[in-house]
>>> print(open('target.pdb').read())   # PDB, C-alpha atoms, pLDDT in the B column
ATOM      1  CA  MET A   1       2.886 -19.154  -0.507  1.00 83.00           C
ATOM      2  CA  ALA A   2       5.085 -16.080  -1.020  1.00 90.00           C
ATOM      3  CA  ILE A   3       3.315 -13.198  -2.753  1.00 93.00           C
ATOM      4  CA  VAL A   4       6.509 -11.075  -2.751  1.00 95.00           C
ATOM      5  CA  THR A   5      10.114 -12.240  -2.915  1.00 96.00           C
ATOM      6  CA  ALA A   6      12.939  -9.712  -2.932  1.00 96.00           C
ATOM      7  CA  SER A   7      16.537 -10.848  -3.421  1.00 96.00           C
ATOM      8  CA  ASN A   8      19.678  -8.841  -2.696  1.00 96.00           C
ATOM      9  CA  LEU A   9      18.132  -5.433  -3.411  1.00 96.00           C
ATOM     10  CA  ILE A  10      20.557  -2.551  -3.781  1.00 95.00           C
ATOM     11  CA  LYS A  11      19.380   1.001  -4.371  1.00 94.00           C
ATOM     12  CA  GLU A  12      21.504   4.149  -4.461  1.00 90.00           C
ATOM     13  CA  TYR A  13      20.555   7.777  -4.913  1.00 87.00           C
ATOM     14  CA  LYS A  14      22.972  10.235  -6.492  1.00 82.00           C
ATOM     15  CA  THR A  15      23.121  14.010  -6.154  1.00 80.00           C
ATOM     16  CA  GLY A  16      25.878  15.406  -8.309  1.00 78.00           C
ATOM     17  CA  LYS A  17      29.024  13.559  -7.325  1.00 79.00           C
ATOM     18  CA  LEU A  18      27.568  12.374  -4.022  1.00 80.00           C
ATOM     19  CA  SER A  19      25.784   9.044  -3.646  1.00 81.00           C
ATOM     20  CA  ALA A  20      23.901   7.487  -0.762  1.00 83.00           C
ATOM     21  CA  THR A  21      22.954   3.837  -0.408  1.00 87.00           C
ATOM     22  CA  ALA A  22      19.292   3.445   0.586  1.00 90.00           C
ATOM     23  CA  LEU A  23      19.240  -0.369   0.479  1.00 93.00           C
ATOM     24  CA  ASN A  24      22.302  -2.557   0.756  1.00 92.00           C
ATOM     25  CA  GLY A  25      21.508  -6.124  -0.252  1.00 94.00           C
ATOM     26  CA  VAL A  26      18.036  -6.595   1.276  1.00 95.00           C
ATOM     27  CA  SER A  27      16.361  -9.981   0.826  1.00 96.00           C
ATOM     28  CA  LEU A  28      12.941 -10.978   2.170  1.00 94.00           C
ATOM     29  CA  SER A  29       9.746 -12.802   1.328  1.00 95.00           C
ATOM     30  CA  ILE A  30       6.196 -11.928   2.302  1.00 95.00           C
ATOM     31  CA  GLU A  31       3.552 -14.622   2.477  1.00 93.00           C
ATOM     32  CA  GLU A  32       0.038 -14.313   1.133  1.00 92.00           C
ATOM     33  CA  GLY A  33      -2.308 -12.941   3.810  1.00 91.00           C
ATOM     34  CA  GLU A  34       0.430 -11.502   6.047  1.00 93.00           C
ATOM     35  CA  PHE A  35      -0.063  -8.261   7.979  1.00 92.00           C
ATOM     36  CA  THR A  36       3.523  -7.001   8.008  1.00 94.00           C
ATOM     37  CA  ALA A  37       5.107  -3.825   9.367  1.00 94.00           C
ATOM     38  CA  ILE A  38       8.464  -2.560   8.113  1.00 95.00           C
ATOM     39  CA  VAL A  39      10.016  -0.375  10.792  1.00 93.00           C
ATOM     40  CA  GLY A  40      13.175   1.622  11.306  1.00 90.00           C
ATOM     41  CA  PRO A  41      14.439   5.168  11.824  1.00 87.00           C
ATOM     42  CA  SER A  42      14.082   7.853   9.178  1.00 84.00           C
ATOM     43  CA  GLY A  43      16.517   7.159   6.340  1.00 83.00           C
ATOM     44  CA  SER A  44      16.659   3.434   7.050  1.00 88.00           C
ATOM     45  CA  GLY A  45      15.215   2.555   3.628  1.00 89.00           C
ATOM     46  CA  LYS A  46      11.574   1.737   4.484  1.00 91.00           C
ATOM     47  CA  SER A  47       9.913   3.804   1.762  1.00 89.00           C
ATOM     48  CA  THR A  48      12.567   2.799  -0.764  1.00 92.00           C
ATOM     49  CA  LEU A  49      11.865  -0.867  -0.066  1.00 94.00           C
ATOM     50  CA  LEU A  50       8.113  -0.333  -0.474  1.00 94.00           C
ATOM     51  CA  ASN A  51       8.667   1.518  -3.749  1.00 93.00           C
ATOM     52  CA  LEU A  52      10.727  -1.387  -5.091  1.00 95.00           C
ATOM     53  CA  ILE A  53       8.364  -4.197  -4.101  1.00 94.00           C
ATOM     54  CA  GLY A  54       5.451  -2.097  -5.343  1.00 94.00           C
ATOM     55  CA  GLY A  55       7.043  -1.561  -8.734  1.00 93.00           C
ATOM     56  CA  LEU A  56       7.141   2.231  -8.323  1.00 93.00           C
ATOM     57  CA  ASP A  57      10.923   2.216  -8.694  1.00 93.00           C
ATOM     58  CA  ARG A  58      13.575  -0.204  -9.893  1.00 93.00           C
ATOM     59  CA  PRO A  59      16.633  -1.402  -7.963  1.00 94.00           C
ATOM     60  CA  ALA A  60      20.208  -0.797  -9.062  1.00 92.00           C
ATOM     61  CA  SER A  61      20.593  -4.558  -8.720  1.00 94.00           C
ATOM     62  CA  GLY A  62      18.679  -7.452  -7.250  1.00 95.00           C
ATOM     63  CA  GLN A  63      15.330  -9.004  -8.071  1.00 96.00           C
ATOM     64  CA  VAL A  64      11.704  -8.402  -7.089  1.00 96.00           C
ATOM     65  CA  VAL A  65       9.155 -11.122  -7.840  1.00 96.00           C
ATOM     66  CA  VAL A  66       5.478 -10.364  -7.196  1.00 94.00           C
ATOM     67  CA  ALA A  67       2.798 -13.012  -7.774  1.00 91.00           C
ATOM     68  CA  ASP A  68       5.405 -15.088  -9.669  1.00 93.00           C
ATOM     69  CA  ILE A  69       6.262 -12.192 -12.017  1.00 94.00           C
ATOM     70  CA  ASP A  70       9.797 -10.760 -12.122  1.00 96.00           C
ATOM     71  CA  LEU A  71       9.130  -7.019 -12.206  1.00 95.00           C
ATOM     72  CA  ALA A  72      12.367  -6.404 -14.123  1.00 94.00           C
ATOM     73  CA  SER A  73      10.952  -8.392 -17.051  1.00 95.00           C
ATOM     74  CA  LEU A  74       8.107  -5.898 -17.543  1.00 95.00           C
ATOM     75  CA  SER A  75       8.221  -2.833 -19.784  1.00 95.00           C
ATOM     76  CA  GLU A  76       7.057   0.451 -18.225  1.00 94.00           C
ATOM     77  CA  ASN A  77       3.584   0.122 -19.772  1.00 94.00           C
ATOM     78  CA  LYS A  78       3.220  -3.499 -18.686  1.00 95.00           C
ATOM     79  CA  LEU A  79       4.469  -2.585 -15.212  1.00 95.00           C
ATOM     80  CA  ILE A  80       1.789   0.114 -14.913  1.00 94.00           C
ATOM     81  CA  ASP A  81      -0.862  -2.418 -15.895  1.00 93.00           C
ATOM     82  CA  PHE A  82       0.575  -5.011 -13.498  1.00 94.00           C
ATOM     83  CA  ARG A  83       0.467  -2.551 -10.586  1.00 94.00           C
ATOM     84  CA  LEU A  84      -3.109  -1.615 -11.382  1.00 92.00           C
ATOM     85  CA  ARG A  85      -4.226  -5.250 -11.394  1.00 92.00           C
ATOM     86  CA  ASN A  86      -2.162  -6.618  -8.523  1.00 93.00           C
ATOM     87  CA  ILE A  87      -1.104  -3.912  -6.043  1.00 94.00           C
ATOM     88  CA  GLY A  88      -3.093  -1.413  -4.000  1.00 93.00           C
ATOM     89  CA  PHE A  89      -1.449   1.703  -2.574  1.00 92.00           C
ATOM     90  CA  VAL A  90      -2.306   3.724   0.532  1.00 90.00           C
ATOM     91  CA  PHE A  91      -0.237   6.859   1.178  1.00 84.00           C
ATOM     92  CA  GLN A  92      -0.158   9.170   4.184  1.00 79.00           C
ATOM     93  CA  ALA A  93      -1.208  12.050   1.907  1.00 82.00           C
ATOM     94  CA  TYR A  94      -4.375  10.069   0.905  1.00 84.00           C
ATOM     95  CA  ASN A  95      -3.984  11.014  -2.825  1.00 89.00           C
ATOM     96  CA  LEU A  96      -7.732  11.099  -3.423  1.00 94.00           C
ATOM     97  CA  ILE A  97      -8.999  12.846  -6.556  1.00 95.00           C
ATOM     98  CA  PRO A  98     -10.456  16.127  -5.228  1.00 96.00           C
ATOM     99  CA  VAL A  99     -13.198  16.560  -7.852  1.00 97.00           C
ATOM    100  CA  LEU A 100     -14.613  13.072  -7.285  1.00 97.00           C
ATOM    101  CA  THR A 101     -16.902  11.994  -4.454  1.00 97.00           C
ATOM    102  CA  ALA A 102     -15.914   9.262  -2.013  1.00 97.00           C
ATOM    103  CA  TYR A 103     -18.143   6.881  -3.982  1.00 97.00           C
ATOM    104  CA  GLU A 104     -16.423   7.817  -7.264  1.00 97.00           C
ATOM    105  CA  ASN A 105     -12.930   7.665  -5.760  1.00 96.00           C
ATOM    106  CA  VAL A 106     -13.493   4.100  -4.559  1.00 96.00           C
ATOM    107  CA  GLN A 107     -14.620   3.115  -8.062  1.00 96.00           C
ATOM    108  CA  PHE A 108     -11.673   4.768  -9.801  1.00 95.00           C
ATOM    109  CA  ASN A 109      -9.271   1.816 -10.095  1.00 93.00           C
ATOM    110  CA  MET A 110     -12.138  -0.509 -10.980  1.00 94.00           C
ATOM    111  CA  HIS A 111     -13.131   1.920 -13.747  1.00 94.00           C
ATOM    112  CA  LEU A 112      -9.566   1.821 -15.131  1.00 94.00           C
ATOM    113  CA  LEU A 113      -9.775  -1.975 -15.111  1.00 94.00           C
ATOM    114  CA  LYS A 114     -13.038  -1.766 -17.088  1.00 94.00           C
ATOM    115  CA  ILE A 115     -14.970  -3.639 -14.416  1.00 95.00           C
ATOM    116  CA  LYS A 116     -18.694  -3.623 -15.162  1.00 96.00           C
ATOM    117  CA  SER A 117     -20.460  -0.496 -13.859  1.00 96.00           C
ATOM    118  CA  SER A 118     -23.001  -2.367 -11.750  1.00 96.00           C
ATOM    119  CA  VAL A 119     -20.233  -4.417 -10.119  1.00 96.00           C
ATOM    120  CA  ARG A 120     -18.160  -1.277  -9.420  1.00 96.00           C
ATOM    121  CA  LYS A 121     -21.066   0.516  -7.811  1.00 96.00           C
ATOM    122  CA  GLU A 122     -22.066  -2.421  -5.639  1.00 96.00           C
ATOM    123  CA  ARG A 123     -18.481  -2.999  -4.474  1.00 95.00           C
ATOM    124  CA  ALA A 124     -18.000   0.708  -3.652  1.00 96.00           C
ATOM    125  CA  LYS A 125     -21.241   0.827  -1.649  1.00 95.00           C
ATOM    126  CA  GLU A 126     -20.329  -2.366   0.188  1.00 91.00           C
ATOM    127  CA  LEU A 127     -16.897  -1.063   1.204  1.00 89.00           C
ATOM    128  CA  LEU A 128     -18.035   2.428   2.190  1.00 92.00           C
ATOM    129  CA  ASN A 129     -20.847   0.992   4.310  1.00 90.00           C
ATOM    130  CA  GLU A 130     -18.417  -1.401   5.984  1.00 83.00           C
ATOM    131  CA  LEU A 131     -16.120   1.564   6.693  1.00 81.00           C
ATOM    132  CA  GLY A 132     -18.906   3.559   8.298  1.00 84.00           C
ATOM    133  CA  LEU A 133     -19.043   6.028   5.412  1.00 90.00           C
ATOM    134  CA  GLY A 134     -22.327   4.988   3.848  1.00 91.00           C
ATOM    135  CA  ASP A 135     -23.880   8.365   4.681  1.00 94.00           C
ATOM    136  CA  LYS A 136     -20.922  10.277   3.215  1.00 95.00           C
ATOM    137  CA  MET A 137     -20.578   8.576  -0.155  1.00 95.00           C
ATOM    138  CA  ASN A 138     -21.442  11.717  -2.094  1.00 96.00           C
ATOM    139  CA  ARG A 139     -19.005  13.999  -0.269  1.00 97.00           C
ATOM    140  CA  ARG A 140     -15.791  15.155  -1.901  1.00 97.00           C
ATOM    141  CA  PRO A 141     -12.441  14.776  -0.061  1.00 95.00           C
ATOM    142  CA  SER A 142     -12.492  18.405   1.144  1.00 95.00           C
ATOM    143  CA  GLN A 143     -15.748  17.628   2.971  1.00 96.00           C
ATOM    144  CA  LEU A 144     -14.251  14.671   4.855  1.00 94.00           C
ATOM    145  CA  SER A 145     -11.981  14.486   7.897  1.00 90.00           C
ATOM    146  CA  GLY A 146      -8.462  13.087   7.612  1.00 86.00           C
ATOM    147  CA  GLY A 147      -9.550   9.756   9.056  1.00 85.00           C
ATOM    148  CA  GLU A 148     -12.482   9.570   6.663  1.00 90.00           C
ATOM    149  CA  GLN A 149     -10.267  10.387   3.676  1.00 91.00           C
ATOM    150  CA  GLN A 150      -7.830   7.662   4.667  1.00 87.00           C
ATOM    151  CA  ARG A 151     -10.671   5.145   4.949  1.00 87.00           C
ATOM    152  CA  VAL A 152     -11.777   6.096   1.424  1.00 93.00           C
ATOM    153  CA  ALA A 153      -8.168   5.615   0.263  1.00 92.00           C
ATOM    154  CA  VAL A 154      -8.103   2.143   1.804  1.00 87.00           C
ATOM    155  CA  ALA A 155     -11.438   1.272   0.190  1.00 90.00           C
ATOM    156  CA  ARG A 156     -10.093   2.408  -3.191  1.00 93.00           C
ATOM    157  CA  ALA A 157      -6.915   0.360  -2.718  1.00 91.00           C
ATOM    158  CA  ILE A 158      -8.745  -2.882  -1.921  1.00 88.00           C
ATOM    159  CA  ALA A 159     -11.808  -2.413  -4.164  1.00 91.00           C
ATOM    160  CA  ALA A 160     -10.461  -4.372  -7.149  1.00 91.00           C
ATOM    161  CA  ARG A 161      -9.139  -7.118  -4.847  1.00 89.00           C
ATOM    162  CA  PRO A 162      -5.403  -6.730  -5.601  1.00 90.00           C
ATOM    163  CA  LYS A 163      -2.852  -9.324  -4.535  1.00 85.00           C
ATOM    164  CA  PHE A 164      -1.475  -7.072  -1.833  1.00 90.00           C
ATOM    165  CA  ILE A 165      -1.657  -3.586  -0.346  1.00 93.00           C
ATOM    166  CA  ILE A 166       1.302  -1.292   0.279  1.00 94.00           C
ATOM    167  CA  ALA A 167       0.692   1.325   2.961  1.00 91.00           C
ATOM    168  CA  ASP A 168       3.391   3.958   3.479  1.00 88.00           C
ATOM    169  CA  GLU A 169       2.944   5.582   6.915  1.00 86.00           C
ATOM    170  CA  PRO A 170      -0.863   5.393   6.575  1.00 84.00           C
ATOM    171  CA  THR A 171      -1.544   6.599  10.122  1.00 83.00           C
ATOM    172  CA  ALA A 172       0.966   9.465  10.203  1.00 79.00           C
ATOM    173  CA  ASN A 173      -1.685  12.193   9.937  1.00 76.00           C
ATOM    174  CA  LEU A 174      -4.412  10.536  12.000  1.00 77.00           C
ATOM    175  CA  ASP A 175      -5.521  10.892  15.610  1.00 80.00           C
ATOM    176  CA  SER A 176      -5.637   7.909  17.962  1.00 83.00           C
ATOM    177  CA  ASN A 177      -9.296   7.077  17.370  1.00 80.00           C
ATOM    178  CA  SER A 178      -8.983   7.266  13.570  1.00 78.00           C
ATOM    179  CA  THR A 179      -5.818   5.161  13.705  1.00 82.00           C
ATOM    180  CA  ALA A 180      -7.509   2.449  15.779  1.00 83.00           C
ATOM    181  CA  ASN A 181     -10.509   2.339  13.440  1.00 81.00           C
ATOM    182  CA  LEU A 182      -8.336   2.211  10.325  1.00 81.00           C
ATOM    183  CA  LEU A 183      -6.124  -0.575  11.684  1.00 86.00           C
ATOM    184  CA  ASP A 184      -9.149  -2.608  12.739  1.00 86.00           C
ATOM    185  CA  LEU A 185     -10.584  -2.187   9.253  1.00 81.00           C
ATOM    186  CA  MET A 186      -7.392  -3.260   7.477  1.00 84.00           C
ATOM    187  CA  TYR A 187      -6.958  -6.204   9.833  1.00 87.00           C
ATOM    188  CA  ARG A 188     -10.527  -7.341   9.087  1.00 85.00           C
ATOM    189  CA  MET A 189      -9.834  -7.055   5.366  1.00 81.00           C
ATOM    190  CA  CYS A 190      -6.690  -9.118   5.800  1.00 86.00           C
ATOM    191  CA  GLU A 191      -8.656 -11.822   7.611  1.00 85.00           C
ATOM    192  CA  LYS A 192     -11.831 -11.672   5.489  1.00 82.00           C
ATOM    193  CA  GLU A 193     -10.340 -11.417   1.993  1.00 80.00           C
ATOM    194  CA  ASN A 194      -6.848 -12.815   2.674  1.00 84.00           C
ATOM    195  CA  THR A 195      -5.410  -9.493   1.474  1.00 87.00           C
ATOM    196  CA  THR A 196      -1.706  -9.068   2.180  1.00 93.00           C
ATOM    197  CA  PHE A 197      -0.798  -5.758   3.852  1.00 93.00           C
ATOM    198  CA  VAL A 198       2.733  -4.352   4.015  1.00 95.00           C
ATOM    199  CA  PHE A 199       3.243  -1.157   6.018  1.00 90.00           C
ATOM    200  CA  SER A 200       6.132   1.181   6.576  1.00 91.00           C
ATOM    201  CA  THR A 201       5.624   2.892   9.903  1.00 89.00           C
ATOM    202  CA  HIS A 202       6.994   4.595  12.990  1.00 86.00           C
ATOM    203  CA  ASP A 203       3.651   4.126  14.745  1.00 86.00           C
ATOM    204  CA  GLN A 204       3.759   1.806  17.739  1.00 89.00           C
ATOM    205  CA  ARG A 205       0.030   1.112  17.334  1.00 87.00           C
ATOM    206  CA  VAL A 206       0.646  -0.312  13.856  1.00 87.00           C
ATOM    207  CA  ILE A 207       3.608  -2.335  15.104  1.00 90.00           C
ATOM    208  CA  GLU A 208       1.534  -3.880  17.894  1.00 91.00           C
ATOM    209  CA  LYS A 209      -1.179  -4.880  15.414  1.00 89.00           C
ATOM    210  CA  ALA A 210       1.214  -6.464  12.907  1.00 91.00           C
ATOM    211  CA  LYS A 211       1.588 -10.219  12.703  1.00 91.00           C
ATOM    212  CA  ARG A 212       5.197  -9.756  11.598  1.00 93.00           C
ATOM    213  CA  VAL A 213       7.699  -6.920  12.028  1.00 95.00           C
ATOM    214  CA  ILE A 214      10.754  -6.382   9.803  1.00 95.00           C
ATOM    215  CA  SER A 215      13.352  -3.907  11.106  1.00 94.00           C
ATOM    216  CA  LEU A 216      15.555  -1.921   8.740  1.00 92.00           C
ATOM    217  CA  VAL A 217      18.692  -0.101   9.859  1.00 91.00           C
ATOM    218  CA  ASP A 218      20.956   1.745   7.397  1.00 88.00           C
ATOM    219  CA  GLY A 219      19.537  -0.113   4.427  1.00 89.00           C
ATOM    220  CA  ASN A 220      19.875  -3.576   5.955  1.00 91.00           C
ATOM    221  CA  ILE A 221      17.474  -5.910   7.710  1.00 93.00           C
ATOM    222  CA  ALA A 222      18.461  -5.831  11.368  1.00 85.00           C
TER     223      ALA A 222
END
>>> encode(input="target.pdb", output="structure tokens")
Amino acid sequence: MAIVTASNLIKEYKTGKLSATALNGVSLSIEEGEFTAIVGPSGSGKSTLLNLIGGLDRPASGQVVVADIDLASLSENKLIDFRLRNIGFVFQAYNLIPVLTAYENVQFNMHLLKIKSSVRKERAKELLNELGLGDKMNRRPSQLSGGEQQRVAVARAIAARPKFIIADEPTANLDSNSTANLLDLMYRMCEKENTTFVFSTHDQRVIEKAKRVISLVDGNIA
């Protein structure tokens, strides 16, 4: 079953009188439980495509359907709520909240969703232990390595069991060992919880791990 269907997506960016086409009629579907890498050179439209299927931006034309919901039919407030409930995000900059501990960061989205405190705490402990961070739960992001911060970001993204996870260059700032550990973790989550992962990446290690690879060139699927 398709969790994401994108049809004829066009997206342009304008600077003054100049315009550049980031996506030029892209159509694709992503099945539930897929581990998919979107690849291509810089400027090919990878991040733009992720932003559109993740509801972070809207296309100039075309349609994005996620979990049977046409994102264009949602108001901004309803779109924010839909993202919170259905989509997890992992960014290369981690985007952890600096004043919160790892344990509190993992609970953050669940707190916004008003999930019961005892359930939040148990889920956060479970994920951090599975990620090898059980002894670092009470550390803030500044007290963690880059690989550890990214693992916390992944735990936060999957904690509320969203429909799918968008990961934009998640290994860009990680060393080889951290990358291998993170990919193994996300692959296990894909298999264990049937979580759909969609990556944009230049990283050959991510590409080799993916079950499916989609290549973008100049805003088109190659």
>>> resolve_selection(input="target.pdb", expression="the PyMOL selection byres ((chain A and resi 211-215) around 10)", output="list in words")
Leu28, Ile30, Glu34, Phe35, Thr36, Ala37, Ile38, Val39, Gly40, Pro41, Ser44, Lys46, Tyr187, Val198, Phe199, Ser200, Val206, Ile207, Glu208, Lys209, Ala210, Leu216, Val217, Gly219, Asn220, Ile221 and Ala222 of chain A
>>> residues_around(input="target.pdb", residues="Met1 of chain A", least_positions_apart="5", cutoff="12 Å", atoms="only C-alpha atoms", output="PyMOL selection string")
chain A and resi 29-34+66-68+196
>>> residues_near_point(input="target.pdb", point="(-14.9, -3.9, -5.6)", cutoff="10 Å", atoms="only C-alpha atoms", output="compact mmCIF listing (two decimals) with C-alpha atoms, in the frame of the given file")
# COMPACT_ATOMS: atom_id res chain seq x y z
CA VAL A 106 -13.49 4.10 -4.56
CA GLN A 107 -14.62 3.12 -8.06
CA ASN A 109 -9.27 1.82 -10.10
CA MET A 110 -12.14 -0.51 -10.98
CA ILE A 115 -14.97 -3.64 -14.42
CA VAL A 119 -20.23 -4.42 -10.12
CA ARG A 120 -18.16 -1.28 -9.42
CA LYS A 121 -21.07 0.52 -7.81
CA GLU A 122 -22.07 -2.42 -5.64
CA ARG A 123 -18.48 -3.00 -4.47
CA ALA A 124 -18.00 0.71 -3.65
CA LYS A 125 -21.24 0.83 -1.65
CA GLU A 126 -20.33 -2.37 0.19
CA LEU A 127 -16.90 -1.06 1.20
CA ALA A 155 -11.44 1.27 0.19
CA ARG A 156 -10.09 2.41 -3.19
CA ALA A 157 -6.92 0.36 -2.72
CA ILE A 158 -8.74 -2.88 -1.92
CA ALA A 159 -11.81 -2.41 -4.16
CA ALA A 160 -10.46 -4.37 -7.15
CA ARG A 161 -9.14 -7.12 -4.85
CA PRO A 162 -5.40 -6.73 -5.60
>>> residues_around(input="target.pdb", residues="Asn105 of chain A", least_positions_apart="3", cutoff="8 Å", atoms="all atoms listed in the file", output="PyMOL selection string")
chain A and resi 96-97+100-102+108+152-153+156
>>> resolve_selection(input="target.pdb", expression="the PyMOL selection byres ((chain A and resi 142-147) around 10)", output="PyMOL selection string")
chain A and resi 92-94+96+98-99+101-102+133+136+138-141+148-153+171+173-179+181-182
>>> residues_around(input="target.pdb", residues="segment 84-88 of chain A", least_positions_apart="2", cutoff="6 Å", atoms="all atoms listed in the file", output="list in words")
Asp81, Phe82, Ala157, Pro162, Lys163, Phe164 and Ile165 of chain A
>>> decode(input="target.pdb", residues="segment 2-18 of chain A", atoms="C-alpha atoms", output="compact mmCIF listing (two decimals), in the first residue's frame")
# COMPACT_ATOMS: atom_id res chain seq x y z
CA ALA A 2 1.34 3.45 -0.93
CA ILE A 3 1.96 5.71 2.05
CA VAL A 4 3.02 8.62 -0.22
CA THR A 5 1.86 9.40 -3.74
CA ALA A 6 3.19 12.45 -5.55
CA SER A 7 1.80 13.43 -8.96
CA ASN A 8 3.35 15.84 -11.45
CA LEU A 9 5.06 18.03 -8.85
CA ILE A 10 6.38 21.36 -10.09
CA LYS A 11 8.24 23.75 -7.82
CA GLU A 12 9.97 26.99 -8.80
CA TYR A 13 11.97 29.46 -6.76
CA LYS A 14 12.08 33.13 -7.72
CA THR A 15 14.70 35.75 -6.88
CA GLY A 16 13.67 39.10 -8.26
CA LYS A 17 13.01 38.57 -11.94
CA LEU A 18 14.95 35.31 -12.05
